[in-house]
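Engineer: Quick one: the structure is below, and I'll ask about it shortly.
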Amino acid sequence: MTALLRYQTALLIRSQRWLPPFVLYAAFLAIGVQSGQPVLDSLGYTAAALLPVAAWLVRVCASGEPPAARACAAAAVGPARAHLACLAVALGAAVVLGATATPVVTAISDPTSADHHRRVPWAAAVGAGLLATLVCALLGTAVGALTTWPLLRSPGRAVPAMLLAALLALVLTGSPAHAALTGLITGSRTGTVPVPLLPLTGAVLLTAGALAVACALTSRRSP
Amino acid sequence: MRDDLRLAGVGRRYGLRGPWVLRGVDLALAPGTLVRVEGANGTGKSTLLRLLAGIDAPTEGRITGRPRTAYVPERFPAELPFTASGYLTHLGAVHGLSRTAAARAADAWLERLGAAGYARTPMAELSKGSSQKVAVAQALLAAPDLLVLDEAWTGLDAAARTELERAVAERTAAGGAVVFVDHDPRRLAGAPDATYTVTGGALRRRTDPAAGGTVAGPHVLVEAQGPPDEAPPAEATALSTAARRTGRGTTCFTVPASRSDVLLRALLGARPPWHVVSVGAALPETAALPETAALPQTAPLPETAPEDAALPDGPAEVAAFRHGPAEAAALTPHVPQESENRR
């Protein structure tokens, strides 16, 4: 599995197809986060923007390897494991992105509640931000895994489906990402830092299910 | 000893209501067997190979006893952001080699296939034939127990085609199973243990004499001398299509050209080692005749290979002679053995 992850990581990094999602995320943050804003609001925005970016990274990873090369790796380790490595690398890239952005955003934001009256502890804010980011990276990966090969192959259907699913994952009540973001925003209003462990559990379970479905279908769909 | 790869009632269709591409396929693939699959275009040969390689799962039926598998696709894309040796090192590691062993095996196989000069070339700049060499090397570098070749010879140059035939013979001699599809009927002629035809979504074993392949294709006569009262090494007899005693301790082996190097290695590596008296081309008809009169024609001279010109692939027997029988044992010593480099 280590060799597979290394191979998929090298494939992602050397293909330079990671660049557009990274630039998009930087642009999201440049527009939405300004210094001096309440920290928990900014962190909520940082996490929310990561969800569609994570889904796009999955798309980049899953479609970056030519089908014949994928077949060679699949023959060696089994198609499900090969696809799992590909999805894991996409998730890893999204987590790295979120984990880099969160401390930076915290550092430039104002460590206070939304009305600038109550102080918010810096370390706790970073922790809550990282957890929310992780929830969004996981759900974004699940969205990406369910809207790319082997489930949806034609880009004409897959890309709109991915965008719609990413939007729904952010706004639908009951979605772990929605719960985590709501926690940050209400926390900002009241000046208390939330610990979104319940949304994290939900996101882990949902993502595990989505990845299992995607990996199980790899050997059942035409290339 | 590992089990056979078994397909029981295997069927495959694409989509929930698509037509059946294959149905009712029963097949047992024992270690060390070479199997040829034939069929017209679009009959489902590639689908069968993808099932055998484990890339596709059967829609119905079961596949059991999967060994370590490697697959060579028909067309290999160049759009990978690696150099040839970089890609092969990654794939070698994916196949289970350590990174150093994978890098060494990658260079050794590129050299064998005549692509050593392209080792540091980005894959995107490789020609179609050179990418195909990378695809072949990728499958061979970890010495798989099952090798699946989907028209792997297409696009290779003559030297690499011969080298791949030799590599296939080495794999089967080492106990690996090999399944291949190729549109050239002379490909590995005489070597396959079984030939199957895919027609109308079903798999049938060909039973006509040409399919069993005892005499078709270029053969090599190897005369070797061993201890006077000892039978030839079992491995050598298994590789040959015919082995007959021509004198006290002298045996004459008829072997398909692709397996001749492996036979020489088996003879020279036997305990006690056999002495190779002569190596020469066998005409297809002499291969079948059990007469000693055929022997003088096999005097070890390159000119005695009369079908050289007729064979575009450059017959392996000439190459075997050029190296000299004594060197044949050392032909491929740089390819790592399967056990020692495994993590």
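By order of appearance in the structure tokens: chains A, B, ..., then residues from 1 within every chain, and ligands from 1 in the order shown.
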List the neighbours of segment 37-53 of chain A out to 6 Å using only C-alpha atoms; skip same-chain residues closer than 5 positions along the sequence, and give me the result as a PyMOL selection string.

Structural biologist: chain A and resi 21+106+109-114+129+132-133+136-137+140+166+181+184-185+188

Engineer: Taking only C-alpha atoms into account, which residues of chain B are within 9 Å of chain A, as a PyMOL selection string?

Structural biologist: chain B and resi 14-15+50+53-59+68-82+87+90-96+99+135+138-139+144

Engineer: Give me, as a ChimeraX atom specification, all polymer residues having an atom no more than 6 Å from Val255 of chain B, counting only C-alpha atoms and skipping those fewer than 2 positions away in the same chain.

Structural biologist: /B:219-220,240-241

Engineer: Using N, CA and C atoms, can you export the residues from the last selection as an mmCIF file, in the first residue's frame?

Structural biologist:
```cif
data_model
loop_
_atom_site.group_PDB
_atom_site.id
_atom_site.type_symbol
_atom_site.label_atom_id
_atom_site.label_comp_id
_atom_site.auth_asym_id
_atom_site.auth_seq_id
_atom_site.Cartn_x
_atom_site.Cartn_y
_atom_site.Cartn_z
ATOM 1 N N HIS B 219 11.928 -24.665 -34.508
ATOM 2 C CA HIS B 219 12.432 -25.477 -33.402
ATOM 3 C C HIS B 219 13.950 -25.499 -33.434
ATOM 4 N N VAL B 220 14.535 -25.874 -32.326
ATOM 5 C CA VAL B 220 15.981 -25.972 -32.210
ATOM 6 C C VAL B 220 16.324 -27.379 -31.747
ATOM 7 N N SER B 240 11.196 -29.835 -23.719
ATOM 8 C CA SER B 240 11.360 -30.287 -25.093
ATOM 9 C C SER B 240 10.066 -30.880 -25.625
ATOM 10 N N THR B 241 9.905 -30.773 -26.951
ATOM 11 C CA THR B 241 8.787 -31.476 -27.566
ATOM 12 C C THR B 241 9.185 -32.922 -27.870
#
```

Engineer: DSSP says helix (DSSP H, G or I) for which residues of segment 34-197 of chain A? Put them as number ranges by chain?

Structural biologist: A: 39-64, 67-77, 79-108, 122-146, 155-171, 176-190, 197

Engineer: Please produce an output containing C-alpha atoms for each residue in the selection, written as a compact mmCIF listing (two decimals), in the first residue's frame.

Structural biologist:
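Here's the written file out.txt:
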```txt
# COMPACT_ATOMS: atom_id res chain seq x y z
CA VAL A 39 -11.56 34.27 13.83
CA LEU A 40 -14.31 31.64 14.00
CA ASP A 41 -16.22 33.17 11.06
CA SER A 42 -13.06 33.16 8.96
CA LEU A 43 -12.28 29.57 9.95
CA GLY A 44 -15.80 28.52 8.97
CA TYR A 45 -15.27 30.06 5.55
CA THR A 46 -11.85 28.36 5.25
CA ALA A 47 -13.38 24.96 5.97
CA ALA A 48 -16.41 25.45 3.71
CA ALA A 49 -14.27 26.45 0.72
CA LEU A 50 -12.24 23.26 1.09
CA LEU A 51 -15.19 20.96 0.37
CA PRO A 52 -15.54 21.60 -3.38
CA VAL A 53 -11.75 21.80 -3.68
CA ALA A 54 -11.40 18.32 -2.12
CA ALA A 55 -14.01 16.97 -4.54
CA TRP A 56 -12.08 18.47 -7.45
CA LEU A 57 -8.83 16.93 -6.17
CA VAL A 58 -10.49 13.51 -6.21
CA ARG A 59 -11.54 14.14 -9.78
CA VAL A 60 -7.97 15.13 -10.67
CA CYS A 61 -6.53 11.98 -9.07
CA ALA A 62 -9.12 9.55 -10.44
CA SER A 63 -8.95 10.80 -14.01
CA GLY A 64 -5.25 11.58 -14.12
CA PRO A 67 -6.87 3.56 -18.17
CA ALA A 68 -4.09 1.27 -19.44
CA ALA A 69 -1.72 2.36 -16.67
CA ARG A 70 -4.55 1.91 -14.17
CA ALA A 71 -5.06 -1.63 -15.49
CA CYS A 72 -1.37 -2.44 -14.95
CA ALA A 73 -1.47 -1.29 -11.32
CA ALA A 74 -4.86 -2.96 -10.80
CA ALA A 75 -3.54 -6.32 -12.02
CA ALA A 76 -0.71 -6.10 -9.48
CA VAL A 77 -2.70 -5.18 -6.37
CA PRO A 79 -8.49 -2.70 -8.72
CA ALA A 80 -10.15 -1.79 -5.41
CA ARG A 81 -6.88 -1.19 -3.60
CA ALA A 82 -5.47 0.77 -6.54
CA HIS A 83 -8.52 3.05 -6.51
CA LEU A 84 -8.45 3.37 -2.71
CA ALA A 85 -4.85 4.61 -2.90
CA CYS A 86 -5.87 7.16 -5.50
CA LEU A 87 -8.74 8.47 -3.31
CA ALA A 88 -6.54 8.46 -0.21
CA VAL A 89 -3.95 10.61 -1.96
CA ALA A 90 -6.67 13.11 -2.95
CA LEU A 91 -7.91 13.23 0.65
CA GLY A 92 -4.33 13.67 1.85
CA ALA A 93 -3.79 16.60 -0.52
CA ALA A 94 -7.02 18.26 0.69
CA VAL A 95 -6.05 17.77 4.34
CA VAL A 96 -2.59 19.26 3.74
CA LEU A 97 -4.21 22.24 2.03
CA GLY A 98 -6.70 22.78 4.86
CA ALA A 99 -4.09 22.25 7.57
CA THR A 100 -1.85 24.86 5.97
CA ALA A 101 -4.61 27.42 5.52
CA THR A 102 -6.16 27.12 8.99
CA PRO A 103 -3.20 28.44 11.10
CA VAL A 104 -2.56 31.20 8.58
CA VAL A 105 -6.19 32.33 8.68
CA THR A 106 -6.21 32.17 12.48
CA ALA A 107 -3.05 34.27 12.65
CA ILE A 108 -4.41 37.09 10.51
CA TRP A 122 -6.14 31.18 19.86
CA ALA A 123 -5.17 27.51 20.37
CA ALA A 124 -8.76 26.34 20.80
CA ALA A 125 -9.77 28.26 17.66
CA VAL A 126 -7.04 26.51 15.62
CA GLY A 127 -8.17 23.14 16.98
CA ALA A 128 -11.82 23.77 16.10
CA GLY A 129 -10.81 25.10 12.68
CA LEU A 130 -8.70 22.01 11.93
CA LEU A 131 -11.53 19.67 12.92
CA ALA A 132 -14.04 21.53 10.74
CA THR A 133 -11.53 21.53 7.88
CA LEU A 134 -11.08 17.77 8.28
CA VAL A 135 -14.86 17.26 8.20
CA CYS A 136 -15.09 19.25 4.96
CA ALA A 137 -12.09 17.48 3.38
CA LEU A 138 -13.65 14.09 4.18
CA LEU A 139 -17.07 15.03 2.80
CA GLY A 140 -15.50 16.62 -0.26
CA THR A 141 -13.62 13.38 -0.90
CA ALA A 142 -16.86 11.41 -0.55
CA VAL A 143 -18.60 13.76 -3.01
CA GLY A 144 -15.71 13.47 -5.45
CA ALA A 145 -15.53 9.67 -5.16
CA LEU A 146 -19.24 9.34 -5.92
CA PRO A 155 -17.57 14.71 -17.66
CA GLY A 156 -20.74 16.34 -18.97
CA ARG A 157 -22.71 14.69 -16.20
CA ALA A 158 -19.98 14.22 -13.62
CA VAL A 159 -18.89 17.86 -13.19
CA PRO A 160 -22.39 19.36 -12.66
CA ALA A 161 -23.22 16.45 -10.36
CA MET A 162 -20.05 17.11 -8.36
CA LEU A 163 -20.77 20.84 -8.01
CA LEU A 164 -24.39 20.24 -7.00
CA ALA A 165 -23.43 17.53 -4.50
CA ALA A 166 -20.73 19.76 -3.00
CA LEU A 167 -23.25 22.60 -2.58
CA LEU A 168 -25.83 20.28 -1.01
CA ALA A 169 -23.23 18.84 1.37
CA LEU A 170 -22.59 22.39 2.61
CA VAL A 171 -26.17 23.65 2.98
CA PRO A 176 -21.84 16.79 8.93
CA ALA A 177 -20.18 19.66 7.05
CA HIS A 178 -23.25 21.85 7.64
CA ALA A 179 -23.26 20.92 11.30
CA ALA A 180 -19.55 21.71 11.71
CA LEU A 181 -19.89 25.09 9.97
CA THR A 182 -23.02 26.01 11.92
CA GLY A 183 -21.10 25.19 15.11
CA LEU A 184 -18.33 27.63 14.17
CA ILE A 185 -20.73 30.43 13.21
CA THR A 186 -22.89 30.17 16.34
CA GLY A 187 -19.69 29.82 18.37
CA SER A 188 -18.49 33.08 16.87
CA ARG A 189 -21.71 34.80 17.91
CA THR A 190 -21.54 33.54 21.49
CA LEU A 197 -16.56 15.71 17.23
```

Engineer: Residues of segment 100-243 of chain B classed as strand (DSSP E or B) by DSSP on the backbone are to be reported as a PyMOL selection string.

Structural biologist: chain B and resi 122+146-150+177-181+194-199+202-205+219-225+242-243

Engineer: Skip segment 18-30 of chain B itself and residues of its chain fewer than 5 positions away, then list as a PyMOL selection string all residues within 7 Å of it, counting only C-alpha atoms.

Structural biologist: chain B and resi 4-13+44+177+201-203

Engineer: Limited to C-alpha atoms, could you put the picked residues into a file as a compact mmCIF listing (two decimals), in the first residue's frame?

Structural biologist:
```txt
# COMPACT_ATOMS: atom_id res chain seq x y z
CA ASP B 4 -4.45 -23.36 -10.16
CA LEU B 5 -6.28 -20.21 -11.13
CA ARG B 6 -9.80 -21.47 -11.69
CA LEU B 7 -12.68 -19.86 -13.55
CA ALA B 8 -16.01 -21.57 -12.86
CA GLY B 9 -19.07 -20.59 -14.91
CA VAL B 10 -17.67 -17.11 -15.42
CA GLY B 11 -19.72 -14.59 -17.38
CA ARG B 12 -19.24 -10.90 -17.93
CA ARG B 13 -21.42 -8.15 -19.29
CA GLY B 44 -14.29 -10.85 -26.00
CA ALA B 177 1.49 -19.32 -15.97
CA GLY B 201 -19.16 -15.42 -26.04
CA ALA B 202 -17.97 -18.93 -25.20
CA LEU B 203 -14.50 -20.36 -24.73
```
